[in-house]
Number of protein chains: 2
Amino acid sequence: MYRIGLIRVFSTDDVELLNRHGRLLEKFIARPDLQVISRCIEGHPQGLWNQEEIRKAIPKIVRLGQEMERRDGVAALLVSCAADPGVPELREAVRVPVIGAGSASAAVALSLGRPVGALGITDWILPPISEVLGSRLVGWEVPEGVKTTVDLMSEQGQERFVEAGERLKGRGAGVILLACTGFSTVEAAPLLEERLGLPVIDPLLSAGMIAYYAARGNA
Amino acid sequence: MYRIGLIRVFSTDDVELLNRHGRLLEKFIARPDLQVISRCIEGHPQGLWNQEEIRKAIPKIVRLGQEMERRDGVAALLVSCAADPGVPELREAVRVPVIGAGSASAAVALSLGRPVGALGITDWILPPISEVLGSRLVGWEVPEGVKTTVDLMSEQGQERFVEAGERLKGRGAGVILLACTGFSTVEAAPLLEERLGLPVIDPLLSAGMIAYYAARGNA
């Protein structure tokens, strides 16, 4: 059994919501040897939607990751946020591999060898993504009216994703990177793939695939 | 069914050897919806072990990839060589995503966020790997006495891999990237993981995982 510790940076008491990323990842990988254990940090009910929220969350992420390594017997940790909050710090604090959804999904997008257009929710480009992609990142768009991960859950959000994706396609993107795991929560990727006719990299599923590889090795 | 076209750059009439990478990848992904079709270029019985061999192989790789897109109904192409020979050219010639074992496995190694040590068979650093890793690449080692992918298949090769891996560990590597898919053929990764106590990125399996994702999408 390969166990991944998944850190949510969206605080919730709702067990179904807490486990949603883990269940989506288990369903996607579809292997009986994968188990995902999800835990969340406290005090961030709207997720990490600005720099101040991210700064405050870092020490909580490090403590939670250390606790999961010690108590849950995880073989890899996945920070399920495209900003990779606390990822460098957590890597210094634990022995198991730590995968950040932002840098890992950007690495998967890079592997396709096409110009990458990113769809985010922040009006700044997330550093772990621009560091991996460099000049391969040809655009960064935010769906209209979206400020927090909670806004992605509304019905009207969906059409706004597609519009923003079309803008990226217009700027020459050959692959779309979803630069917020809130898009994973609402399963935006299949809709966007169909409507845009381009490969879409989901940050939870692509980074989770790498976390699964890190946990399992080559056995 | 998601079909990957796997291009071997090691010429052979031996069907078992031709299909070896494809079978290893199918076994690793272990999903009934994955099918790998393998074909090889002609005229390179020792693989692509120097720049001249690579140069001559490029147009053959492009033609073979085009043919596989047309005839085999593949949803993604995987060039199973860490030098990514013909990968940029093939991307211009087909519509499906093209994954190179070198750049894609380097991207997976990068995602672990640790200094990367690469184990290759060439005495020069492969550009698709150094381009992805930049300053994260802390060492490049070749096992003693190895010049071609065929040399990897000998019994005594194995101890030489481990020695070269130890040298990389001594230079601060926190993850080992196998920079030749000949290591995949002989399944060197599990032995190295065990002996070195570090994560080892297999170029066929890690790049194949991304090719599978590219073929499948987020369904």
# chains A, B, ... in the order shown; residues from 1 in each chain; ligands from 1

call {"tool": "interface_residues", "arguments": {"of": "chain B", "to": "chain A", "cutoff": "10 Å", "atoms": "only C-alpha atoms", "output": "VMD selection string"}}
result
chain B and resid 28 to 31 76 87 to 88 91 96 to 114 132 to 133 174 to 175 184 187 to 191 193 198 to 202 205 to 207 209 to 211 213 to 219

call {"tool": "select_by_dssp", "arguments": {"residues": "segment 56-216 of chain A", "states": "helix (DSSP H, G or I)", "output": "PyMOL selection string"}}
result
chain A and resi 56-71+87-93+101-111+127-136+149-153+157-170+182-185+188-196+203-216

call {"tool": "atom_distance", "arguments": {"atom1": "atom CA of Asp13 of chain B", "atom2": "atom CA of Thr122 of chain B"}}
result
25.1 Å

call {"tool": "select_by_dssp", "arguments": {"residues": "segment 1-218 of chain B", "states": "strand (DSSP E or B)", "output": "VMD selection string"}}
result
chain B and resid 2 to 8 34 to 40 76 to 79 98 to 100 116 to 119 137 to 141 175 to 178 200 to 201

call {"tool": "closest_residue", "arguments": {"among": "B:Glu69, B:Glu53, B:Glu131, B:Glu141", "to": "Gly117 of chain B", "atoms": "only C-alpha atoms"}}
result
B:Glu141

call {"tool": "residues_around", "arguments": {"residues": "Gln51 of chain B", "least_positions_apart": "2", "cutoff": "10 Å", "atoms": "only C-alpha atoms", "output": "list in words"}}
result
Leu48, Trp49, Glu53, Ile54, Arg55, Lys56, Ala57, Ala83, Pro85, Thr122 and Trp124 of chain B

call {"tool": "residues_around", "arguments": {"residues": "Arg39 of chain A", "least_positions_apart": "4", "cutoff": "9 Å", "atoms": "only C-alpha atoms", "output": "list in words"}}
result
Gly5, Leu6, Ile7, Arg8, Val9, Leu18, Asn19, Leu64 and Met68 of chain A

call {"tool": "write_last_selection", "arguments": {"atoms": "N, CA and C atoms", "output": "PDB file, in the first residue's frame"}}
result
ATOM      1  N   GLY A   5       0.117  11.648   1.865  1.00  0.00           N
ATOM      2  CA  GLY A   5      -0.496  12.627   2.769  1.00  0.00           C
ATOM      3  C   GLY A   5      -0.820  13.881   1.979  1.00  0.00           C
ATOM      4  N   LEU A   6      -2.108  14.217   1.919  1.00  0.00           N
ATOM      5  CA  LEU A   6      -2.547  15.362   1.122  1.00  0.00           C
ATOM      6  C   LEU A   6      -2.916  16.519   2.048  1.00  0.00           C
ATOM      7  N   ILE A   7      -2.246  17.641   1.873  1.00  0.00           N
ATOM      8  CA  ILE A   7      -2.493  18.808   2.720  1.00  0.00           C
ATOM      9  C   ILE A   7      -3.414  19.772   2.004  1.00  0.00           C
ATOM     10  N   ARG A   8      -4.606  19.978   2.594  1.00  0.00           N
ATOM     11  CA  ARG A   8      -5.546  20.979   2.081  1.00  0.00           C
ATOM     12  C   ARG A   8      -5.245  22.314   2.735  1.00  0.00           C
ATOM     13  N   VAL A   9      -5.268  23.391   1.953  1.00  0.00           N
ATOM     14  CA  VAL A   9      -5.040  24.720   2.531  1.00  0.00           C
ATOM     15  C   VAL A   9      -6.356  25.498   2.551  1.00  0.00           C
ATOM     16  N   LEU A  18     -13.317  18.038   2.789  1.00  0.00           N
ATOM     17  CA  LEU A  18     -11.909  17.805   3.158  1.00  0.00           C
ATOM     18  C   LEU A  18     -11.307  16.701   2.289  1.00  0.00           C
ATOM     19  N   ASN A  19     -12.057  15.622   2.124  1.00  0.00           N
ATOM     20  CA  ASN A  19     -11.545  14.443   1.415  1.00  0.00           C
ATOM     21  C   ASN A  19     -11.744  14.487  -0.097  1.00  0.00           C
ATOM     22  N   LEU A  64       1.745  20.611  10.107  1.00  0.00           N
ATOM     23  CA  LEU A  64       0.831  19.546   9.698  1.00  0.00           C
ATOM     24  C   LEU A  64       1.570  18.448   8.914  1.00  0.00           C
ATOM     25  N   MET A  68       1.937  14.529   9.888  1.00  0.00           N
ATOM     26  CA  MET A  68       1.478  13.457   8.991  1.00  0.00           C
ATOM     27  C   MET A  68       2.596  12.454   8.715  1.00  0.00           C
TER      28      MET A  68
END

call {"tool": "closest_residue", "arguments": {"among": "B:Val162, B:Leu17, B:Cys180, B:Leu196", "to": "Val79 of chain B", "atoms": "only C-alpha atoms"}}
result
B:Cys180
